[in-house]
Amino acid sequence: MRRAAFWISAAMAHSIVTIDDLSNDDIEAVFGLADRFLADMSPEGRLRRIRGRCSLAQDHVLATLFYEPSTRTRLSFESAMLRLGGQYISCADSKVTSTVKGETIADTVRVVESYADLIVIRHPWEGAAQVAADYVDVPVINAGDGGHEHPTQTLCDLYTLRVGDGRAGRRTLKDMTVVLCGDLRHGRTVHSLVYALARLGARVIPLPASPDLDFPEHVRRRLSRDYNFVPLDVAELPDASLPADVLYITPEKPHQLSLLESDALNVSIKLLTKKEQQALRDIKGVDAFYATRLQVERKEGDAGETSYPVIDREFLKQKPYRHSQVMHPLPRVDELGYDVDEDARSVYFQQAANGVPVRMALIASLLELVPAALAGGAGRRTNYRVYERPNTLRCSNANCVTAQPSEQRYLGQKFWLVGEAMPTVRCAYCDYEQEPKVISSARSKRYRLDVSSWKSISADDLALFESEAQALAAGYQAKKLTGREATATQSI
Amino acid sequence: MRRAAFWISAAMAHSIVTIDDLSNDDIEAVFGLADRFLADMSPEGRLRRIRGRCSLAQDHVLATLFYEPSTRTRLSFESAMLRLGGQYISCADSKVTSTVKGETIADTVRVVESYADLIVIRHPWEGAAQVAADYVDVPVINAGDGGHEHPTQTLCDLYTLRVGDGRAGRRTLKDMTVVLCGDLRHGRTVHSLVYALARLGARVIPLPASPDLDFPEHVRRRLSRDYNFVPLDVAELPDASLPADVLYITPEKPHQLSLLESDALNVSIKLLTKKEQQALRDIKGVDAFYATRLQVERKEGDAGETSYPVIDREFLKQKPYRHSQVMHPLPRVDELGYDVDEDARSVYFQQAANGVPVRMALIASLLELVPAALAGGAGRRTNYRVYERPNTLRCSNANCVTAQPSEQRYLGQKFWLVGEAMPTVRCAYCDYEQEPKVISSARSKRYRLDVSSWKSISADDLALFESEAQALAAGYQAKKLTGREATATQSI
Amino acid sequence: MRRAAFWISAAMAHSIVTIDDLSNDDIEAVFGLADRFLADMSPEGRLRRIRGRCSLAQDHVLATLFYEPSTRTRLSFESAMLRLGGQYISCADSKVTSTVKGETIADTVRVVESYADLIVIRHPWEGAAQVAADYVDVPVINAGDGGHEHPTQTLCDLYTLRVGDGRAGRRTLKDMTVVLCGDLRHGRTVHSLVYALARLGARVIPLPASPDLDFPEHVRRRLSRDYNFVPLDVAELPDASLPADVLYITPEKPHQLSLLESDALNVSIKLLTKKEQQALRDIKGVDAFYATRLQVERKEGDAGETSYPVIDREFLKQKPYRHSQVMHPLPRVDELGYDVDEDARSVYFQQAANGVPVRMALIASLLELVPAALAGGAGRRTNYRVYERPNTLRCSNANCVTAQPSEQRYLGQKFWLVGEAMPTVRCAYCDYEQEPKVISSARSKRYRLDVSSWKSISADDLALFESEAQALAAGYQAKKLTGREATATQSI
């Protein structure tokens with residue numbers, strides 16, 4: 001890409017769009033640096049510096065582009081930059097920016113990269129941060145893209161899991177058992193978090209507030225495909241007794257009953273199999289309990305009268321949570337009681353506070369203000385082959401950045417070929433997966449419905465469609481089947 | 001309270017929620033410091049520093065959280081912080097922040113205190129700044145909470161009264177005569193100001209634009225109770241001749257007639273008694289004339305066709321104002337004529353300009369960047385006893401922070417017992433007073449309507465209600481009266 | 001004017017309201033300084049400073065007051081100030097500021113000048129920046145006032161024309177041929193630009209998207225009157241053959257046909273006369289092609305289905321544009337294709353990037369942080385005589401700052417007497433011109449309709465009206481004509 005500002009280094013910048021843009025070692029490196037910044041921020045640390053201001057980032061400007069409301073993420077990035085001795089510029093409201101004149105993401109960030117050394121972007125469309133990173137030469141940090149990912153919140157979460165309130169010894173994340181509770185469908189924070197926990201070897205127990213608030217299909221698929229990871233699902237385990245350190249919903253008790261009084265939320269709690277008990281045997285109790293609020297703004301249709309589980313003092317009296325950290329990405333509404341605030345297990349304000357040292361460490365690393373550079377990429381999913389033939393398959397996610405007319409002026413579809421036997425594709429922007437129903441050679445323009453033979457077409461020549469109609473509309477024609485193929489098709 | 005960020009000093013921070021959080025000596029200390037900053041800002045001062053930037057606050061970050069529109073207050077705080085060598089982060093629009101997701105004040109500030117060393121908050125609810133101060137360990141400055149207080153504006157006002165345009169000698173506020181004109185009901189600036197003037201020994205002449213725009217009852221009560229102060233009320237003084245230095249409305253003149261053409265505004269100007277003349281004898285003319293705009297955004301119902309007094313060149317020709325400073329907290333609408341701008345008596349732009357040195361001094365004091373720390377509290381009202389029994393009396397102010405469903409998740413009622421003979425209570429957040437109609441022992445749960453005996457119930461056991469219905473709803477029952485009590489009740 | 005803050009220098013500040021506030025030499029001085037800042041920003045420059053932060057503006061605060069949406073202008077000003085070592089305060093949304101309480105421009109800036117050393121203002125009303133500059137003692141920079149001017153965008157444009165992408169040698173603007181294409185009516189950027197190009201001796205070819213999007217009358221008049229400049233107008237040249245290096249629309253080609261399919265846009269392309277060919281003979285091709293978007297927010301009535309020319313790869317294949325820089329002030333919508341982004345001729349992102357060094361240079365010059373001060377004013381239009389009699393002529397532009405009720409509290413009409421034979425006036429705020437239909441002596445109050453004799457009335461005594469009705473309403477009466485005058489009037 002041609003660079004607008006010649007003074008920007010042509011070296012490929014390291015952007016953080018997904019938590020997978022940091023390897024496990026990278027995460028450790030960031031945390032080690034965060035430890036140092038945290039120590040500097042203590043009253044003793046301040047005295048040690050004799051009120052000398054940190055000047056690490058003194059020549060640098062951070063841009064925060066927030067197209068969705070935010071308090072903690074934007075302010076903590078800005079505070080982190082200031083604490084590093086740097087400066088920031090900010091667009092904190094989409095109505096304030098030129099997007100009201102119809103400007104695209106790519107244009108906006110290509111302008112802003114001339115004004116800042118690092119761009120932090122929050123956007124309502126899934127994949128927006130990836131687009132931003134693709135179009136500029138400065139590092140881009142995803143501060144939340146729709147319901148997709150929010151990797152720096154995950155860094156704060158992991159750091160909090162590791163250091164607690166700053167006085168506990170360091171803990172290892174491996175083999176930690178984490179319950180994820182609430183709205184797992186729309187919450188981008190739990191998406192990035194579960195990917196990281198999967199990679200780092202933690203155990204994850206999802207506890208969706210209702211079946212329709214469980215992890216979306218594409219998240220479970222990515223967990224399985226990229227990390228070979230399956231969350232422990234209490235709700236679907238048949239005919240066995242749940243070990244005490246995992247049983248956290250007991251619908252007989254009045255409190256929980258009230259949570260589940262809506263039929264829609266009538267989660268049928270079943271018990272673990274012998275096999276599952278085996279898998280869970282060395283779980284010593286839940287290390288962390290991570291609650292989230294209902295993402296009303298992302299919920300389609302009527303938010304309605306959904307009941308939502310409330311974590312409060314009564315709830316936390318249950319045995320499995322005796323030593324559980326209680327976490328929440330904040331803001332909360334009613335799902336986390338204020339009577340837990342003073343409880344020693346509550347660390348949600350620490351999560352927010354840790355945003356400063358963690359983001360300082362991330363900024364310093366990405367701007368290469370400290371010697372220990374990030375390796376990068378090692379955490380990335382296996383490098384799948386790319387599929388991006390124009391005028392064929394489209395991402396099925398209506399909130400994907402590639403589905404927006406304004407962005408389609410310059411942005412095409414891009415998929416990873418993640419399937420093996422079947423030609424499953426994953427949108428390179430929003431991670432939604434789909435199975436094409438029609439394949440073709442792009443040269444011959446003769447499509448067929450038997451997609452199992454997709455590997456017989458070379459990657460360069462492959463064309464994929466979601467339906468015959470789509471293939472026909474693109475000017476493709478049905479392939480005249482050979483006798484053997486016709487027979488095979490009939491037998492299906 | 002558990003602290004989210006271990007690096008925040010546990011020492012009780014000095015917050016400025018009401019002007020009474022500064023003693024008279026504190027105010028003098030802040031002004032002395034402001035004098036020094038003001039001198040530094042002069043062209044000569046700048047040269048003296050040979051363009052060296054002030055580095056007093058170089059390691060500090062200020063957060064401005066503004067949930068209501070503002071230009072001068074927010075910008076002057078931010079400018080003051082920058083002039084001190086510090087930095088700021090800002091939420092300047094409630095729509096931009098997580099409050100749109102339903103976050104409470106307590107949660108927001110507990111997060112922000114990890115990002116900043118000092119929080120400046122403006123909020124539409126009365127008492128919001130007190131809640132903020134209660135929930136964090138960093139200093140909080142109230143930049144306006146509904147119609148309640150705006151103490152830093154008062155500091156700017158007092159400083160301007162004292163130094164004028166920066167070239168006059170210092171004046172003493174004691175025995176100064178100040179006319180407060182306009183909307184005294186909704187204007188938080190005149191509330192904080194009149195408390196300070198009362199404490200500092202000035203004379204105050206309220207001149208409400210109409211009877212319903214006079215000081216609200218709770219302000220007059222606090223003036224009387226806490227400072228033993230009664231404003232001079234020209235409108236209600238019967239049958240005497242007004243001395244020239246106070247007579248500022250002459251309805252016979254066409255200009256003022258036009259102001260009062262609405263019947264609703266037909267202020268009946270009556271004259272002073274001999275006794276009042278006595279009290280006014282050493283008033284040598286009005287030292288300052290403080291006009292305010294109609295607080296349309298806080299006026300209930302239709303702002304309507306209310307006339308409003310206009311202070312202009314013609315008005316100021318009157319004898320009592322010959323040497324009066326003309327003040328206004330700005331912004332103005334039509335109540336202050338532009339033809340007064342060039343008049344030497346006008347100091348309203350100086351008021352705004354003084355916001356920088358005064359706020360620099362306040363910030364430096366609260367952050368303890370200068371040796372002379374504030375004593376604090378000495379200006380506070382007498383320490384009344386606290387009443388905060390749940391599920392009993394509620395604050396009667398619908399705009400009080402305690403009346404908001406979102407905040408009631410964590411915030412209870414809290415009152416000061418300010419009455420003597422009768423059990424009058426004052427809301428600890430918004431200062432509204434009320435007289436409970438029902439008292440009870442909380443142990444016996446037997447209420448009575450004869451509240452005069454309230455002191456016979458120990459403070460620990462006291463329960464107060466605004467009505468029998470409220471007491472009954474709370475599970476209390478009427479006390480079976482003894483013969484003597486029944487007789488006493490009947491005789492009332 | 002009385003100054004609110006005594007520390008502000010009384011010396012007349014140099015404000016940039018129109019591009020004419022900079023002489024040609026000033027522009028060169030700013031560009032020379034920008035070259036230095038640009039060099040400093042390169043990776044090599046950064047190393048040279050060994051990460052030392054620029055401290056030129058370390059004691060200074062910039063205020064950005066944006067009453068209209070903006071990304072690039074506001075952020076580039078703020079970034080420029082930070083890169084100079086200074087700081088900024090910002091109001092980026094009119095809804096956030098006290099204007100919602102009804103504050104005037106004059107009041108706002110008089111307050112803000114106490115908080116900042118330099119004010120950058122963007123406002124929807126034409127002439128707003130002039131009002132701001134008139135009321136404060138700190139420099140004011142116009143960042144766009146309605147459809148009037150946007151001089152710093154013009155500086156970026158000129159700098160880009162001169163340096164291209166930073167690697168080409170410096171070019172001279174004299175005799176450069178620039179096509180201005182698109183919405184020339186509402187676009188303030190092209191207004192400031194065409195004035196500068198006129199003064200600097202460039203050739204300008206306007207190519208409005210439709211006849212009603214051509215330069216407005218007052219712009220053409222100012223070009224003619226102040227710079228003796230007439231743009232080359234291809235659309236109105238009759239009966240000749242257009243030389244290849246100017247012919248850029250060929251309606252026969254499908255692409256252009258599609259642009260012009262709307263009847264309303266049916267630009268009749270006619271050809272150059274011999275005389276015009278003569279004038280164009282040394283044009284060697286178009287040096288720069290400057291496209292703009294349709295200013296929907298300024299277009300009166302329905303934006304409708306207007307077609308709009310699209311500059312894309314196909315378009316740029318035409319011969320005249322072989323070496324044309326393609327420029328655009330951004331943001332773009334559909335009028336500039338993304339397929340041009342990678343083209344070496346495209347410099348629109350450079351335009352945006354150049355905003356930083358150019359604005360650094362301008363700020364440093366206005367704050368006198370560098371020795372080479374600006375001469376100023378030399379670029380200003382000839383000093384016309386002023387006409388500002390109250391209660392007579394009013395500016396005919398409904399969007400002029402003088403037409404707003406809020407500003408009329410303090411702001412009168414002010415015109416330049418630009419006419420010679422006839423008493424043409426030009427609004428001193430928005431540049432709209434009009435011809436008064438009635439003249440009078442203000443002393444005699446006897447008006448006449450024969451305006452040709454206007455010079456017989458002394459400037460001190462002149463009163464102008466747009467109609468008899470207006471004169472009568474102002475208390476003037478028809479002059480009893482002498483016999484000779486009556487005859488003259490009849491003969492008209």
# chains A, B, ... in the order shown; residues from 1 in each chain; ligands from 1

$ residues_around --residues "segment 213-226 of chain B" --least-positions-apart "2" --cutoff "7 Å" --atoms "only C-alpha atoms" --output "PDB file with all heavy atoms, in the first residue's frame"
ATOM      1  N   ASP B 183     -32.515  34.128  38.950  1.00  0.00           N
ATOM      2  CA  ASP B 183     -33.092  32.843  39.308  1.00  0.00           C
ATOM      3  C   ASP B 183     -32.304  32.260  40.476  1.00  0.00           C
ATOM      4  O   ASP B 183     -31.288  31.600  40.291  1.00  0.00           O
ATOM      5  CB  ASP B 183     -33.041  31.915  38.089  1.00  0.00           C
ATOM      6  CG  ASP B 183     -33.650  30.548  38.389  1.00  0.00           C
ATOM      7  OD1 ASP B 183     -34.033  30.309  39.552  1.00  0.00           O
ATOM      8  OD2 ASP B 183     -33.738  29.740  37.456  1.00  0.00           O
ATOM      9  N   LEU B 184     -32.786  32.508  41.668  1.00  0.00           N
ATOM     10  CA  LEU B 184     -32.075  32.040  42.859  1.00  0.00           C
ATOM     11  C   LEU B 184     -32.549  30.653  43.274  1.00  0.00           C
ATOM     12  O   LEU B 184     -31.982  30.029  44.147  1.00  0.00           O
ATOM     13  CB  LEU B 184     -32.281  33.029  44.004  1.00  0.00           C
ATOM     14  CG  LEU B 184     -32.038  34.499  43.637  1.00  0.00           C
ATOM     15  CD1 LEU B 184     -32.244  35.383  44.849  1.00  0.00           C
ATOM     16  CD2 LEU B 184     -30.634  34.677  43.074  1.00  0.00           C
ATOM     17  N   ARG B 185     -33.589  30.196  42.598  1.00  0.00           N
ATOM     18  CA  ARG B 185     -34.172  28.916  42.971  1.00  0.00           C
ATOM     19  C   ARG B 185     -33.374  27.745  42.384  1.00  0.00           C
ATOM     20  O   ARG B 185     -32.972  26.829  43.096  1.00  0.00           O
ATOM     21  CB  ARG B 185     -35.616  28.838  42.449  1.00  0.00           C
ATOM     22  CG  ARG B 185     -36.312  27.525  42.735  1.00  0.00           C
ATOM     23  CD  ARG B 185     -37.792  27.582  42.322  1.00  0.00           C
ATOM     24  NE  ARG B 185     -38.440  26.315  42.583  1.00  0.00           N
ATOM     25  CZ  ARG B 185     -38.827  25.910  43.786  1.00  0.00           C
ATOM     26  NH1 ARG B 185     -38.627  26.689  44.829  1.00  0.00           N
ATOM     27  NH2 ARG B 185     -39.400  24.734  43.956  1.00  0.00           N
ATOM     28  N   HIS B 191     -26.356  29.193  45.177  1.00  0.00           N
ATOM     29  CA  HIS B 191     -26.497  28.468  46.443  1.00  0.00           C
ATOM     30  C   HIS B 191     -25.144  28.365  47.144  1.00  0.00           C
ATOM     31  O   HIS B 191     -25.001  28.744  48.300  1.00  0.00           O
ATOM     32  CB  HIS B 191     -27.108  27.088  46.207  1.00  0.00           C
ATOM     33  CG  HIS B 191     -28.495  27.137  45.624  1.00  0.00           C
ATOM     34  ND1 HIS B 191     -29.171  26.041  45.152  1.00  0.00           N
ATOM     35  CD2 HIS B 191     -29.339  28.183  45.430  1.00  0.00           C
ATOM     36  CE1 HIS B 191     -30.355  26.415  44.700  1.00  0.00           C
ATOM     37  NE2 HIS B 191     -30.459  27.702  44.847  1.00  0.00           N
ATOM     38  N   TYR B 195     -23.920  30.562  50.697  1.00  0.00           N
ATOM     39  CA  TYR B 195     -23.382  29.911  51.895  1.00  0.00           C
ATOM     40  C   TYR B 195     -22.024  30.533  52.254  1.00  0.00           C
ATOM     41  O   TYR B 195     -21.736  30.811  53.413  1.00  0.00           O
ATOM     42  CB  TYR B 195     -23.206  28.405  51.685  1.00  0.00           C
ATOM     43  CG  TYR B 195     -24.490  27.660  51.373  1.00  0.00           C
ATOM     44  CD1 TYR B 195     -24.506  26.614  50.465  1.00  0.00           C
ATOM     45  CD2 TYR B 195     -25.691  27.997  52.001  1.00  0.00           C
ATOM     46  CE1 TYR B 195     -25.678  25.915  50.181  1.00  0.00           C
ATOM     47  CE2 TYR B 195     -26.871  27.303  51.717  1.00  0.00           C
ATOM     48  CZ  TYR B 195     -26.854  26.265  50.789  1.00  0.00           C
ATOM     49  OH  TYR B 195     -28.010  25.582  50.499  1.00  0.00           O
ATOM     50  N   PRO B 208     -34.852  38.082  43.569  1.00  0.00           N
ATOM     51  CA  PRO B 208     -35.333  37.069  42.624  1.00  0.00           C
ATOM     52  C   PRO B 208     -36.118  37.716  41.498  1.00  0.00           C
ATOM     53  O   PRO B 208     -36.770  38.742  41.692  1.00  0.00           O
ATOM     54  CB  PRO B 208     -36.227  36.182  43.489  1.00  0.00           C
ATOM     55  CG  PRO B 208     -36.650  37.053  44.621  1.00  0.00           C
ATOM     56  CD  PRO B 208     -35.503  37.988  44.885  1.00  0.00           C
ATOM     57  N   ALA B 209     -36.037  37.126  40.321  1.00  0.00           N
ATOM     58  CA  ALA B 209     -36.744  37.672  39.167  1.00  0.00           C
ATOM     59  C   ALA B 209     -38.245  37.615  39.379  1.00  0.00           C
ATOM     60  O   ALA B 209     -38.991  38.417  38.823  1.00  0.00           O
ATOM     61  CB  ALA B 209     -36.358  36.902  37.911  1.00  0.00           C
ATOM     62  N   SER B 210     -38.699  36.679  40.158  1.00  0.00           N
ATOM     63  CA  SER B 210     -40.108  36.580  40.516  1.00  0.00           C
ATOM     64  C   SER B 210     -40.170  35.812  41.828  1.00  0.00           C
ATOM     65  O   SER B 210     -39.188  35.159  42.199  1.00  0.00           O
ATOM     66  CB  SER B 210     -40.889  35.837  39.430  1.00  0.00           C
ATOM     67  OG  SER B 210     -40.576  34.471  39.471  1.00  0.00           O
ATOM     68  N   PRO B 211     -41.295  35.895  42.532  1.00  0.00           N
ATOM     69  CA  PRO B 211     -41.356  35.218  43.835  1.00  0.00           C
ATOM     70  C   PRO B 211     -41.044  33.737  43.752  1.00  0.00           C
ATOM     71  O   PRO B 211     -40.402  33.178  44.640  1.00  0.00           O
ATOM     72  CB  PRO B 211     -42.806  35.461  44.270  1.00  0.00           C
ATOM     73  CG  PRO B 211     -43.220  36.707  43.576  1.00  0.00           C
ATOM     74  CD  PRO B 211     -42.501  36.690  42.255  1.00  0.00           C
ATOM     75  N   ASN B 228     -26.515  30.884  60.910  1.00  0.00           N
ATOM     76  CA  ASN B 228     -27.281  31.898  61.634  1.00  0.00           C
ATOM     77  C   ASN B 228     -27.421  33.165  60.785  1.00  0.00           C
ATOM     78  O   ASN B 228     -27.180  34.285  61.238  1.00  0.00           O
ATOM     79  CB  ASN B 228     -26.591  32.210  62.968  1.00  0.00           C
ATOM     80  CG  ASN B 228     -27.519  32.953  63.909  1.00  0.00           C
ATOM     81  OD1 ASN B 228     -28.746  32.813  63.810  1.00  0.00           O
ATOM     82  ND2 ASN B 228     -26.948  33.736  64.802  1.00  0.00           N
ATOM     83  N   PHE B 229     -27.780  32.976  59.547  1.00  0.00           N
ATOM     84  CA  PHE B 229     -27.737  34.064  58.573  1.00  0.00           C
ATOM     85  C   PHE B 229     -29.098  34.246  57.915  1.00  0.00           C
ATOM     86  O   PHE B 229     -29.735  33.283  57.495  1.00  0.00           O
ATOM     87  CB  PHE B 229     -26.693  33.713  57.507  1.00  0.00           C
ATOM     88  CG  PHE B 229     -26.498  34.773  56.456  1.00  0.00           C
ATOM     89  CD1 PHE B 229     -25.608  35.828  56.662  1.00  0.00           C
ATOM     90  CD2 PHE B 229     -27.196  34.714  55.247  1.00  0.00           C
ATOM     91  CE1 PHE B 229     -25.409  36.792  55.693  1.00  0.00           C
ATOM     92  CE2 PHE B 229     -27.003  35.692  54.274  1.00  0.00           C
ATOM     93  CZ  PHE B 229     -26.118  36.727  54.500  1.00  0.00           C
ATOM     94  N   VAL B 230     -29.550  35.478  57.841  1.00  0.00           N
ATOM     95  CA  VAL B 230     -30.795  35.788  57.140  1.00  0.00           C
ATOM     96  C   VAL B 230     -30.515  36.841  56.071  1.00  0.00           C
ATOM     97  O   VAL B 230     -30.037  37.933  56.393  1.00  0.00           O
ATOM     98  CB  VAL B 230     -31.873  36.326  58.106  1.00  0.00           C
ATOM     99  CG1 VAL B 230     -33.162  36.612  57.344  1.00  0.00           C
ATOM    100  CG2 VAL B 230     -32.107  35.345  59.234  1.00  0.00           C
ATOM    101  N   ARG B 381     -20.816  22.507  58.136  1.00  0.00           N
ATOM    102  CA  ARG B 381     -21.882  22.749  59.088  1.00  0.00           C
ATOM    103  C   ARG B 381     -21.639  21.919  60.357  1.00  0.00           C
ATOM    104  O   ARG B 381     -20.960  20.896  60.307  1.00  0.00           O
ATOM    105  CB  ARG B 381     -23.212  22.357  58.471  1.00  0.00           C
ATOM    106  CG  ARG B 381     -23.215  20.922  57.960  1.00  0.00           C
ATOM    107  CD  ARG B 381     -24.156  20.772  56.786  1.00  0.00           C
ATOM    108  NE  ARG B 381     -23.930  19.479  56.161  1.00  0.00           N
ATOM    109  CZ  ARG B 381     -24.107  19.257  54.869  1.00  0.00           C
ATOM    110  NH1 ARG B 381     -24.490  20.217  54.061  1.00  0.00           N
ATOM    111  NH2 ARG B 381     -23.881  18.073  54.348  1.00  0.00           N
ATOM    112  N   THR B 382     -22.237  22.345  61.440  1.00  0.00           N
ATOM    113  CA  THR B 382     -22.111  21.636  62.708  1.00  0.00           C
ATOM    114  C   THR B 382     -22.373  20.151  62.485  1.00  0.00           C
ATOM    115  O   THR B 382     -23.231  19.793  61.695  1.00  0.00           O
ATOM    116  CB  THR B 382     -23.159  22.158  63.700  1.00  0.00           C
ATOM    117  OG1 THR B 382     -23.376  23.537  63.445  1.00  0.00           O
ATOM    118  CG2 THR B 382     -22.691  21.957  65.126  1.00  0.00           C
ATOM    119  N   ASP B 431     -29.530  18.193  50.778  1.00  0.00           N
ATOM    120  CA  ASP B 431     -29.836  19.273  51.721  1.00  0.00           C
ATOM    121  C   ASP B 431     -31.323  19.593  51.863  1.00  0.00           C
ATOM    122  O   ASP B 431     -31.671  20.509  52.608  1.00  0.00           O
ATOM    123  CB  ASP B 431     -29.082  20.565  51.377  1.00  0.00           C
ATOM    124  CG  ASP B 431     -27.633  20.508  51.785  1.00  0.00           C
ATOM    125  OD1 ASP B 431     -27.323  19.828  52.779  1.00  0.00           O
ATOM    126  OD2 ASP B 431     -26.794  21.142  51.107  1.00  0.00           O
ATOM    127  N   TYR B 432     -32.185  18.879  51.152  1.00  0.00           N
ATOM    128  CA  TYR B 432     -33.615  19.118  51.357  1.00  0.00           C
ATOM    129  C   TYR B 432     -33.986  18.720  52.779  1.00  0.00           C
ATOM    130  O   TYR B 432     -33.515  17.709  53.291  1.00  0.00           O
ATOM    131  CB  TYR B 432     -34.455  18.304  50.364  1.00  0.00           C
ATOM    132  CG  TYR B 432     -34.699  19.009  49.060  1.00  0.00           C
ATOM    133  CD1 TYR B 432     -33.633  19.522  48.336  1.00  0.00           C
ATOM    134  CD2 TYR B 432     -35.981  19.177  48.547  1.00  0.00           C
ATOM    135  CE1 TYR B 432     -33.842  20.162  47.125  1.00  0.00           C
ATOM    136  CE2 TYR B 432     -36.204  19.812  47.339  1.00  0.00           C
ATOM    137  CZ  TYR B 432     -35.130  20.307  46.635  1.00  0.00           C
ATOM    138  OH  TYR B 432     -35.341  20.942  45.443  1.00  0.00           O
ATOM    139  N   GLU B 433     -34.858  19.514  53.398  1.00  0.00           N
ATOM    140  CA  GLU B 433     -35.299  19.201  54.749  1.00  0.00           C
ATOM    141  C   GLU B 433     -36.749  18.724  54.728  1.00  0.00           C
ATOM    142  O   GLU B 433     -37.516  19.048  53.823  1.00  0.00           O
ATOM    143  CB  GLU B 433     -35.178  20.436  55.648  1.00  0.00           C
ATOM    144  CG  GLU B 433     -33.728  20.849  55.873  1.00  0.00           C
ATOM    145  CD  GLU B 433     -33.586  21.831  57.037  1.00  0.00           C
ATOM    146  OE1 GLU B 433     -34.618  22.200  57.643  1.00  0.00           O
ATOM    147  OE2 GLU B 433     -32.440  22.218  57.320  1.00  0.00           O
TER     148      GLU B 433
END

$ select_by_dssp --residues "segment 308-365 of chain A" --states "alpha helix (DSSP H)" --output "ChimeraX atom specification"
/A:348-353,355-365

$ select_by_dssp --residues "segment 366-432 of chain A" --states "strand (DSSP E or B)" --output "compact mmCIF listing (two decimals) with C-alpha atoms, in the first residue's frame"
# COMPACT_ATOMS: atom_id res chain seq x y z
CA ARG A 385 -5.43 -21.15 2.99
CA VAL A 386 -7.17 -17.98 1.82
CA TYR A 387 -10.28 -17.88 -0.34
CA CYS A 400 -19.75 -8.31 9.54
CA PHE A 415 -12.31 -16.45 3.97
CA TRP A 416 -10.04 -19.04 5.48
CA LEU A 417 -10.53 -22.54 4.14
CA VAL A 425 -14.94 -21.48 5.19
CA ARG A 426 -14.42 -18.98 7.99
CA CYS A 427 -14.76 -15.26 7.41

$ residues_around --residues "segment 178-181 of chain B" --least-positions-apart "5" --cutoff "8 Å" --atoms "only C-alpha atoms" --output "MDAnalysis selection string"
chainID B and resid 190 202:209 286:292

$ atom_distance --atom1 "atom CA of Asp334 of chain A" --atom2 "atom CA of Glu78 of chain A"
28.6 Å
